[in-house]
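Colleague: There's a structure below that I have some questions on.
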Amino acid sequence: MLWKACFARGQEWCSDDTFDPQPARGLPDGQKGFRMINVVLFEPEIPQNTGNIARTCACTGARLHLVEPLGFRLTQKHLARAGMDYWDDVEIVRHACTRDFLAAHAADELWFYTGHASRLHTDVDLSDAGQEIYLVFGRESRGIDSDILHEHEGRCVRLPMVPGMRSLNLSNAVAIAVYDALRQQGFPGLA
């Protein structure tokens with residue numbers, strides 16, 4: 001299984017019924033020119049958004065990182081209600097908190113998506129084959145904490161919008177970012 005130990009320990013997962021995820025399909029390891037895309041959600045609050053993002057990850061071969069606390073429970077009943085029928089086809093990695101995730105991935109290529117950045121997401125070259133890339137998104141209500149954005153100021157990007165608008169829907173923003181990264185790579189493994 002591709003699930004981290006916290007799932008196996010039963011922390012909320014499968015607490016009231018059985019859910020046995022299958023290995024994610026993803027793209028073949030070592031595919032020439034392929035950079036594994038990791039979608040990171042800091043403290044997601046809305047299960048339907050997370051379900052849509054899981055579907056995007058399943059359809060593109062991206063890995064999904066869920067950073068706690070979550071605004072919903074990861075049980076079969078709750079996942080089904082949120083329309084998360086693609087959950088079996090996604091590699092999920094669960095992290096205890098934002099600081100744990102950042103410490104574990106300090107050496108990785110992280111890109112923080114925020115409305116508070118001046119650099120556009122299209123100004124970043126994600127085409128170089130090499131290490132994995134991490135596209136990081138904040139919670140729906142508040143985004144990414146300002147102290148984290150300040151610590152990673154050179155890695156903050158934004159999606160262009162009409163002035164005065166607060167933000168795009170989280171699942172839409174993730175889809176735009178993932179497909180732009182895949183476009184830059186030539187859509188490896190996608191038909």
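By convention in this document, the chains of the structure tokens carry letters A, B, ... by their order, each chain's residues are numbered from 1, and ligands are numbered from 1 in the order they are shown.
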Write out as a ChimeraX atom specification which residues come within 7 Å of stretch 137-147 of chain A when counting only C-alpha atoms, dropping same-chain ones fewer than 4 positions away.

Modeller: /A:40-45,112-114,151,170

Colleague: Can you spit out the residues from that selection as a JSON list (two decimals), in the first residue's frame, using N, CA and C atoms?

Modeller:
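In the end it all went to out-v6.json:
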```json
[["chain", "number", "residue", "atom", "x", "y", "z"],
["A", 40, "VAL", "N", 0.10, 19.60, -2.18],
["A", 40, "VAL", "CA", 0.10, 19.67, -0.72],
["A", 40, "VAL", "C", -1.02, 20.59, -0.26],
["A", 41, "LEU", "N", -1.89, 20.08, 0.60],
["A", 41, "LEU", "CA", -2.98, 20.88, 1.15],
["A", 41, "LEU", "C", -2.73, 21.08, 2.64],
["A", 42, "PHE", "N", -2.46, 22.32, 3.02],
["A", 42, "PHE", "CA", -2.31, 22.65, 4.43],
["A", 42, "PHE", "C", -3.70, 22.81, 5.04],
["A", 43, "GLU", "N", -4.06, 21.93, 5.94],
["A", 43, "GLU", "CA", -5.28, 22.01, 6.73],
["A", 43, "GLU", "C", -6.54, 22.24, 5.90],
["A", 44, "PRO", "N", -6.80, 21.38, 4.92],
["A", 44, "PRO", "CA", -8.02, 21.57, 4.11],
["A", 44, "PRO", "C", -9.27, 21.48, 4.98],
["A", 45, "GLU", "N", -10.27, 22.31, 4.65],
["A", 45, "GLU", "CA", -11.46, 22.41, 5.49],
["A", 45, "GLU", "C", -12.71, 21.82, 4.84],
["A", 112, "PHE", "N", 4.71, 27.78, -3.14],
["A", 112, "PHE", "CA", 3.58, 28.16, -2.31],
["A", 112, "PHE", "C", 2.64, 29.05, -3.11],
["A", 113, "TYR", "N", 1.41, 28.59, -3.30],
["A", 113, "TYR", "CA", 0.42, 29.34, -4.08],
["A", 113, "TYR", "C", -0.38, 30.23, -3.14],
["A", 114, "THR", "N", -0.32, 31.54, -3.41],
["A", 114, "THR", "CA", -0.95, 32.51, -2.54],
["A", 114, "THR", "C", -1.33, 33.76, -3.32],
["A", 151, "GLU", "N", 8.84, 33.11, 5.38],
["A", 151, "GLU", "CA", 10.02, 32.23, 5.39],
["A", 151, "GLU", "C", 10.37, 31.72, 4.00],
["A", 170, "LEU", "N", -10.31, 26.55, -4.18],
["A", 170, "LEU", "CA", -9.09, 25.78, -3.98],
["A", 170, "LEU", "C", -8.91, 24.68, -5.02]]
```

Colleague: Identify all residues of stretch 25-189 of chain A in strand (DSSP E or B) (DSSP on the backbone) and supply them as an MDAnalysis selection string.

Modeller: chainID A and resid 37:42 63:67 92:95 109:113 120 133:137 139 143 156:158

Colleague: Taking N, CA and C atoms for each residue, export the selection above as a CSV table (one decimal), in the first residue's frame.

Modeller:
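So out_39.csv came out as:
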```
chain,number,residue,atom,x,y,z
A,37,ILE,N,4.8,15.3,-9.5
A,37,ILE,CA,4.1,16.4,-8.9
A,37,ILE,C,3.4,16.0,-7.6
A,38,ASN,N,3.7,16.8,-6.6
A,38,ASN,CA,3.1,16.6,-5.3
A,38,ASN,C,2.2,17.7,-5.0
A,39,VAL,N,0.9,17.5,-4.7
A,39,VAL,CA,0.0,18.5,-4.3
A,39,VAL,C,-0.2,18.5,-2.8
A,40,VAL,N,0.1,19.6,-2.2
A,40,VAL,CA,0.1,19.7,-0.7
A,40,VAL,C,-1.0,20.6,-0.3
A,41,LEU,N,-1.9,20.1,0.6
A,41,LEU,CA,-3.0,20.9,1.2
A,41,LEU,C,-2.7,21.1,2.6
A,42,PHE,N,-2.5,22.3,3.0
A,42,PHE,CA,-2.3,22.6,4.4
A,42,PHE,C,-3.7,22.8,5.0
A,63,ARG,N,0.7,13.0,-6.6
A,63,ARG,CA,0.6,12.5,-5.3
A,63,ARG,C,-0.1,13.6,-4.4
A,64,LEU,N,-0.9,13.2,-3.5
A,64,LEU,CA,-1.7,14.2,-2.7
A,64,LEU,C,-1.2,14.1,-1.2
A,65,HIS,N,-0.8,15.2,-0.7
A,65,HIS,CA,-0.3,15.3,0.7
A,65,HIS,C,-1.4,16.1,1.5
A,66,LEU,N,-1.9,15.5,2.6
A,66,LEU,CA,-2.9,16.1,3.4
A,66,LEU,C,-2.2,16.5,4.7
A,67,VAL,N,-2.2,17.8,5.1
A,67,VAL,CA,-1.5,18.2,6.3
A,67,VAL,C,-2.6,18.6,7.3
A,92,ILE,N,-1.8,8.9,-1.3
A,92,ILE,CA,-2.1,9.9,-0.3
A,92,ILE,C,-1.0,9.8,0.8
A,93,VAL,N,-0.4,11.0,1.2
A,93,VAL,CA,0.5,11.0,2.3
A,93,VAL,C,-0.1,12.0,3.3
A,94,ARG,N,-0.2,11.6,4.5
A,94,ARG,CA,-0.8,12.4,5.6
A,94,ARG,C,0.3,12.8,6.5
A,95,HIS,N,0.3,14.1,6.9
A,95,HIS,CA,1.3,14.7,7.8
A,95,HIS,C,0.6,15.3,9.0
A,109,GLU,N,11.8,21.0,-3.6
A,109,GLU,CA,11.4,22.2,-4.4
A,109,GLU,C,9.9,22.4,-4.1
A,110,LEU,N,9.7,23.4,-3.2
A,110,LEU,CA,8.3,23.7,-2.8
A,110,LEU,C,7.9,25.0,-3.4
A,111,TRP,N,6.7,25.1,-3.9
A,111,TRP,CA,6.1,26.3,-4.5
A,111,TRP,C,4.8,26.6,-3.8
A,112,PHE,N,4.7,27.8,-3.1
A,112,PHE,CA,3.6,28.2,-2.3
A,112,PHE,C,2.6,29.1,-3.1
A,113,TYR,N,1.4,28.6,-3.3
A,113,TYR,CA,0.4,29.3,-4.1
A,113,TYR,C,-0.4,30.2,-3.1
A,120,LEU,N,4.1,35.5,-10.8
A,120,LEU,CA,3.1,34.7,-11.4
A,120,LEU,C,3.5,33.2,-11.4
A,133,ILE,N,8.5,18.0,-7.5
A,133,ILE,CA,8.1,19.3,-7.2
A,133,ILE,C,6.8,19.2,-6.3
A,134,TYR,N,6.7,20.2,-5.4
A,134,TYR,CA,5.6,20.3,-4.4
A,134,TYR,C,4.9,21.6,-4.6
A,135,LEU,N,3.6,21.5,-5.0
A,135,LEU,CA,2.7,22.6,-5.1
A,135,LEU,C,1.9,22.7,-3.9
A,136,VAL,N,2.1,23.8,-3.1
A,136,VAL,CA,1.5,23.9,-1.7
A,136,VAL,C,0.4,24.9,-1.7
A,137,PHE,N,-0.7,24.5,-1.1
A,137,PHE,CA,-1.9,25.4,-1.0
A,137,PHE,C,-2.4,25.4,0.4
A,139,ARG,N,-5.4,26.6,3.5
A,139,ARG,CA,-6.8,26.3,3.8
A,139,ARG,C,-7.7,27.2,3.1
A,143,GLY,N,-5.9,30.6,3.7
A,143,GLY,CA,-4.7,30.4,2.9
A,143,GLY,C,-3.6,29.9,3.7
A,156,CYS,N,7.1,31.8,-3.5
A,156,CYS,CA,5.6,32.1,-3.5
A,156,CYS,C,5.2,32.6,-4.9
A,157,VAL,N,4.1,32.0,-5.3
A,157,VAL,CA,3.6,32.4,-6.7
A,157,VAL,C,2.1,32.6,-6.6
A,158,ARG,N,1.5,33.2,-7.6
A,158,ARG,CA,0.1,33.5,-7.5
A,158,ARG,C,-0.5,33.2,-8.9
```

Colleague: Tell me, as a ChimeraX atom specification, which residues lie within 9 Å of A:Leu190, counting only C-alpha atoms; anything in the same chain fewer than 3 positions away does not count.

Modeller: /A:27,59-61,187

Colleague: Take the residues just selected and output them with N, CA and C atoms as a PDB file, in the first residue's frame.

Modeller:
```pdb
ATOM      1  N   LEU A  27       2.057   7.600 -12.643  1.00  0.00           N
ATOM      2  CA  LEU A  27       2.837   7.453 -13.857  1.00  0.00           C
ATOM      3  C   LEU A  27       4.015   6.534 -13.589  1.00  0.00           C
ATOM      4  N   CYS A  59      -6.318  11.660 -11.941  1.00  0.00           N
ATOM      5  CA  CYS A  59      -6.326  11.779 -13.403  1.00  0.00           C
ATOM      6  C   CYS A  59      -4.988  12.230 -13.979  1.00  0.00           C
ATOM      7  N   THR A  60      -4.113  12.755 -13.140  1.00  0.00           N
ATOM      8  CA  THR A  60      -2.826  13.271 -13.627  1.00  0.00           C
ATOM      9  C   THR A  60      -1.624  12.507 -13.093  1.00  0.00           C
ATOM     10  N   GLY A  61      -1.840  11.571 -12.171  1.00  0.00           N
ATOM     11  CA  GLY A  61      -0.728  10.827 -11.587  1.00  0.00           C
ATOM     12  C   GLY A  61       0.012  11.578 -10.508  1.00  0.00           C
ATOM     13  N   PHE A 187       3.176  17.015 -20.820  1.00  0.00           N
ATOM     14  CA  PHE A 187       2.118  16.085 -20.436  1.00  0.00           C
ATOM     15  C   PHE A 187       2.602  14.631 -20.451  1.00  0.00           C
TER      16      PHE A 187
END
```

Colleague: Per DSSP on the backbone, filter stretch 95-157 of chain A down to the residues in helix (DSSP H, G or I) and report them as a list in words.

Modeller: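 Of stretch 95-157 of chain A, only Thr98, Arg99, Asp100, Phe101, Leu102, Ala103, Ala104, His121, Thr122, Asp123, Ser146, Asp147, Ile148, Leu149, His150, Glu151, Glu153, Gly154 and Arg155 of chain A fall in helix (DSSP H, G or I).
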
Colleague: So how far away is atom CA of A:Glu68 from atom CA of A:Asp100, in Å?

Modeller: 9.9 Å

Colleague: Would you list the contacts of A:Asn169 as a count of residues only, taking every protein, DNA or RNA residue within 9 Å and counting only C-alpha atoms, but skipping same-chain residues closer than 4 positions in sequence?

Modeller: 4

Colleague: For stretch 124-132 of chain A, work out the shell of residues within 9 Å, counting only C-alpha atoms and skipping chain neighbours fewer than 4 positions away, then give it as a VMD selection string.

Modeller: chain A and resid 32 to 38 108 to 109 119 to 120 157 180 to 186
